[in-house]
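J.: Sharing a structure with you now.
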Amino acid sequence: MTINNNRFDFIPLTHILLACTITTILSAVAIFHNLVLILTILYGATILFFMFKKKYTQCFIWLICALFSTQAYLTVQRDLKKFQEHASFLQTPCIVKGVILQKQASDLHKEQTTLLLQTFNIYNKAAGVIKASKKIVLLMPSKRAQKFLEGQTLTIFKAMLSQPKPDEEYRTYLIKEGIWATAFITSERIFINNGDNRSWFAQSSTLFAQFLHRSTINLFNPLFLGKREKTITNLSIQHQSLYWGIVHHMARSGIHLVTLFGLFMGLFHYARIKHFYRYLICGILMFGYLEISIPSLSFLRALSMIMIQIIGKMHKFQYSSVHALTLTTLFTVSYNPWCILFLDFQLSFGITAVIIWLFQRKWAKTVAFAPKIIIPS
């Protein structure tokens, strides 16, 4: 199909999304290998070539690809700047005040607990005050961390904050997770704010845990909340699950969310709930589950694809798993390009792409998003 004397060719949405996704991923790889100049030259030469050939559609697509690649580059530079700023607060005693976001225990090698702290402010006598919110990982002996609960506000005195060296891979992981520094807490004085100002969910979880056996909690937390503790008890449960051939249930990922989504949709179907409200309620439940759990990358991928399906069904669009995956990948890489360097992204998105490709090749035909006109892609 051609329009305006072959100057504007119609290209299916599937091809546009695939082009943007692939070029953005390749651009992120080039950015991490310091090939930004070559990348800029390639984009500029390609756009000029299509303009010279008067292929304005291809030129427009490459402009969109360049826009997403630019977003990925700006995100990388922003994250590096945020990680490297306030270097004067490192390796010096600081007063840190913040709220505990996550708590994870480990007793495999030595009894140690990890706290993820969202800071309110960081004070140093020589450097001043950091009022910007930052994430800090605190490592401390498990005996000392027993009294700390998620949602509590702590004030830590004389905390020595540090960052990994530039050539260490752990530094890349911290940047990806948005963590600014780490600290090992041994004898530092820690003050817990008076009163229990934790969230309603944190208080409810503590109350709920009092009625459960410890072994039940070790099964409930990783399966439903994504909270895995590296303890001997949890390791024993994993070995027992491996013996019975059900160890896959401990790998909380997108399949758990998909199963939950299918269960809710089945219940709503038999309850005779209207089509629109069925998807609306399910979307609210999915976001509620996200709020109370610790999401992994595969969990977020599945949630994003499900929400695209819900929005499409509510507006009576034709749903395409290829479109959902490419949109999810595109925005994931644009928002956090660092994730492409890690195995969870590569396996989650890669295996999902292979499954969708095999399914589409065998059973289905991809169609472009359109409320009334279905266009083969």
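Each chain in the structure tokens gets a letter, A, B and so on, in the order shown; residues start at 1 in every chain, and ligands are counted from 1 in the order they appear.
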Would you mind listing what lies within 9 Å of Arg301 of chain A as a PDB file with N, CA, C and O atoms, in the first residue's frame, with only C-alpha atoms counted and same-chain residues fewer than 2 positions away left out?
T.:
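Below you can see part-v9.pdb, which holds the result:
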```pdb
ATOM      1  N   GLY A 254       7.236 -14.385  36.534  1.00  0.00           N
ATOM      2  CA  GLY A 254       6.039 -13.949  35.843  1.00  0.00           C
ATOM      3  C   GLY A 254       4.957 -15.003  35.776  1.00  0.00           C
ATOM      4  O   GLY A 254       3.769 -14.677  35.701  1.00  0.00           O
ATOM      5  N   SER A 296      10.370  -8.819  41.034  1.00  0.00           N
ATOM      6  CA  SER A 296      11.560  -9.098  40.248  1.00  0.00           C
ATOM      7  C   SER A 296      11.339  -8.563  38.837  1.00  0.00           C
ATOM      8  O   SER A 296      10.245  -8.114  38.489  1.00  0.00           O
ATOM      9  N   LEU A 297      12.373  -8.634  38.012  1.00  0.00           N
ATOM     10  CA  LEU A 297      12.250  -8.110  36.654  1.00  0.00           C
ATOM     11  C   LEU A 297      11.245  -8.921  35.841  1.00  0.00           C
ATOM     12  O   LEU A 297      10.449  -8.355  35.083  1.00  0.00           O
ATOM     13  N   SER A 298      11.267 -10.233  36.000  1.00  0.00           N
ATOM     14  CA  SER A 298      10.300 -11.064  35.275  1.00  0.00           C
ATOM     15  C   SER A 298       8.877 -10.798  35.764  1.00  0.00           C
ATOM     16  O   SER A 298       7.919 -10.850  34.981  1.00  0.00           O
ATOM     17  N   PHE A 299       8.749 -10.512  37.048  1.00  0.00           N
ATOM     18  CA  PHE A 299       7.434 -10.161  37.605  1.00  0.00           C
ATOM     19  C   PHE A 299       6.918  -8.868  36.976  1.00  0.00           C
ATOM     20  O   PHE A 299       5.747  -8.778  36.576  1.00  0.00           O
ATOM     21  N   LEU A 303       3.668  -8.315  34.602  1.00  0.00           N
ATOM     22  CA  LEU A 303       2.655  -7.335  34.996  1.00  0.00           C
ATOM     23  C   LEU A 303       2.406  -6.329  33.880  1.00  0.00           C
ATOM     24  O   LEU A 303       1.255  -5.978  33.582  1.00  0.00           O
ATOM     25  N   SER A 304       3.479  -5.870  33.249  1.00  0.00           N
ATOM     26  CA  SER A 304       3.333  -4.905  32.163  1.00  0.00           C
ATOM     27  C   SER A 304       2.564  -5.501  30.988  1.00  0.00           C
ATOM     28  O   SER A 304       1.665  -4.856  30.423  1.00  0.00           O
ATOM     29  N   MET A 305       2.888  -6.735  30.624  1.00  0.00           N
ATOM     30  CA  MET A 305       2.188  -7.373  29.508  1.00  0.00           C
ATOM     31  C   MET A 305       0.720  -7.620  29.845  1.00  0.00           C
ATOM     32  O   MET A 305      -0.164  -7.468  28.987  1.00  0.00           O
ATOM     33  N   ILE A 306       0.451  -7.987  31.090  1.00  0.00           N
ATOM     34  CA  ILE A 306      -0.941  -8.202  31.504  1.00  0.00           C
ATOM     35  C   ILE A 306      -1.718  -6.891  31.477  1.00  0.00           C
ATOM     36  O   ILE A 306      -2.871  -6.843  31.030  1.00  0.00           O
ATOM     37  N   LEU A 325       5.061  -7.525  24.305  1.00  0.00           N
ATOM     38  CA  LEU A 325       6.450  -7.802  24.687  1.00  0.00           C
ATOM     39  C   LEU A 325       7.392  -6.709  24.199  1.00  0.00           C
ATOM     40  O   LEU A 325       8.275  -6.266  24.944  1.00  0.00           O
ATOM     41  N   THR A 328       6.893  -3.573  26.270  1.00  0.00           N
ATOM     42  CA  THR A 328       7.466  -3.763  27.598  1.00  0.00           C
ATOM     43  C   THR A 328       8.988  -3.694  27.556  1.00  0.00           C
ATOM     44  O   THR A 328       9.625  -3.039  28.394  1.00  0.00           O
ATOM     45  N   THR A 329       9.586  -4.363  26.583  1.00  0.00           N
ATOM     46  CA  THR A 329      11.044  -4.343  26.450  1.00  0.00           C
ATOM     47  C   THR A 329      11.548  -2.941  26.150  1.00  0.00           C
ATOM     48  O   THR A 329      12.550  -2.484  26.722  1.00  0.00           O
ATOM     49  N   THR A 332      11.264  -0.776  29.249  1.00  0.00           N
ATOM     50  CA  THR A 332      12.175  -1.260  30.292  1.00  0.00           C
ATOM     51  C   THR A 332      13.605  -0.822  30.015  1.00  0.00           C
ATOM     52  O   THR A 332      14.305  -0.318  30.904  1.00  0.00           O
ATOM     53  N   SER A 348      14.589 -13.687  31.063  1.00  0.00           N
ATOM     54  CA  SER A 348      13.152 -13.417  31.125  1.00  0.00           C
ATOM     55  C   SER A 348      12.610 -12.958  29.780  1.00  0.00           C
ATOM     56  O   SER A 348      11.666 -13.542  29.237  1.00  0.00           O
ATOM     57  N   PHE A 349      13.217 -11.925  29.219  1.00  0.00           N
ATOM     58  CA  PHE A 349      12.719 -11.390  27.958  1.00  0.00           C
ATOM     59  C   PHE A 349      13.081 -12.294  26.782  1.00  0.00           C
ATOM     60  O   PHE A 349      12.298 -12.424  25.838  1.00  0.00           O
TER      61      PHE A 349
END
```
J.: Which one of A:Leu341, A:Leu267, A:Cys65, A:Met140 sits closest to His15 of chain A if you count only C-alpha atoms?
T.: A:Cys65
J.: Taking only C-alpha atoms into account, name the residue in A:Lys54, A:Lys176, A:Lys97, A:Arg189 that is nearest to Lys82 of chain A.
T.: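 Counting only C-alpha atoms, the residue closest to Lys82 of chain A is A:Lys176.
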J.: Tell me, in Å to one decimal, how far atom CA of Val99 of chain A is from atom CA of Ile122 of chain A.
T.: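 Separation of atom CA of Val99 of chain A and atom CA of Ile122 of chain A: 12.5 Å.
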J.: So that I can see what lies close to Leu74 of chain A, please list as a ChimeraX atom specification the residues with an atom at most 12 Å from it, counting only C-alpha atoms and leaving out residues fewer than 6 positions away in the same chain.
T.: /A:27-28,31,36,67-68,80-81,334-337
J.: Output N, CA and C atoms of each residue in that selection to a file, as an mmCIF file, in the first residue's frame.
T.:
```
data_model
loop_
_atom_site.group_PDB
_atom_site.id
_atom_site.type_symbol
_atom_site.label_atom_id
_atom_site.label_comp_id
_atom_site.auth_asym_id
_atom_site.auth_seq_id
_atom_site.Cartn_x
_atom_site.Cartn_y
_atom_site.Cartn_z
ATOM 1 N N SER A 27 21.720 -0.043 20.944
ATOM 2 C CA SER A 27 22.267 1.262 21.326
ATOM 3 C C SER A 27 22.750 1.254 22.770
ATOM 4 N N ALA A 28 21.988 0.598 23.648
ATOM 5 C CA ALA A 28 22.411 0.507 25.047
ATOM 6 C C ALA A 28 23.727 -0.256 25.167
ATOM 7 N N ILE A 31 26.421 2.051 24.086
ATOM 8 C CA ILE A 31 26.680 3.083 25.101
ATOM 9 C C ILE A 31 27.596 2.541 26.190
ATOM 10 N N VAL A 36 29.409 5.778 21.613
ATOM 11 C CA VAL A 36 28.337 6.753 21.400
ATOM 12 C C VAL A 36 28.566 7.539 20.112
ATOM 13 N N LEU A 67 15.278 8.568 19.030
ATOM 14 C CA LEU A 67 14.720 9.191 20.231
ATOM 15 C C LEU A 67 14.825 8.255 21.434
ATOM 16 N N PHE A 68 14.467 6.986 21.253
ATOM 17 C CA PHE A 68 14.570 6.026 22.353
ATOM 18 C C PHE A 68 16.030 5.769 22.723
ATOM 19 N N LEU A 80 24.798 7.535 36.374
ATOM 20 C CA LEU A 80 26.209 7.663 36.743
ATOM 21 C C LEU A 80 26.453 8.927 37.564
ATOM 22 N N LYS A 81 25.806 10.007 37.170
ATOM 23 C CA LYS A 81 25.980 11.263 37.899
ATOM 24 C C LYS A 81 25.430 11.152 39.320
ATOM 25 N N SER A 334 14.556 1.619 28.020
ATOM 26 C CA SER A 334 14.644 3.081 28.038
ATOM 27 C C SER A 334 14.691 3.614 29.467
ATOM 28 N N TYR A 335 13.929 2.983 30.362
ATOM 29 C CA TYR A 335 13.877 3.444 31.747
ATOM 30 C C TYR A 335 15.118 3.034 32.535
ATOM 31 N N ASN A 336 15.602 1.812 32.300
ATOM 32 C CA ASN A 336 16.772 1.313 33.034
ATOM 33 C C ASN A 336 17.646 0.485 32.096
ATOM 34 N N PRO A 337 18.507 1.135 31.303
ATOM 35 C CA PRO A 337 19.347 0.390 30.350
ATOM 36 C C PRO A 337 20.319 -0.571 31.013
#
```
J.: Counting only C-alpha atoms, what is within 12 Å of Lys147 of chain A, bar same-chain residues fewer than 6 positions away, as a list in words?
T.: Lys103, Thr113, Pro141, Leu154, Ile190, Phe191 and Ile192 of chain A
J.: Name all residues at most 10 Å from Val129 of chain A (count only C-alpha atoms; drop same-chain ones fewer than 3 positions away) and give them as a PyMOL selection string.
T.: chain A and resi 86+89+94-96+121-126+132
J.: I want to know what sits within 12 Å of Gly350 of chain A, based on only C-alpha atoms, with residues of the same chain fewer than 4 positions away left out; could you give that as an MDAnalysis selection string?
T.: chainID A and resid 298 301 325:326 329 340 343:346 354:357
J.: Using DSSP assignments from the backbone, pull out every residue in segment 21-160 of chain A that falls under strand (DSSP E or B) and give it to me as a PyMOL selection string.
T.: chain A and resi 93-106+112-124+128-130+135-141+153-160
J.: Write out as a PyMOL selection string each polymer residue whose atoms come within 12 Å of Ile100 of chain A, counting only C-alpha atoms; drop sequence neighbours fewer than 4 positions from it.
T.: chain A and resi 96+104+114-120+134-138+145+148-156+192-193+197-199+202
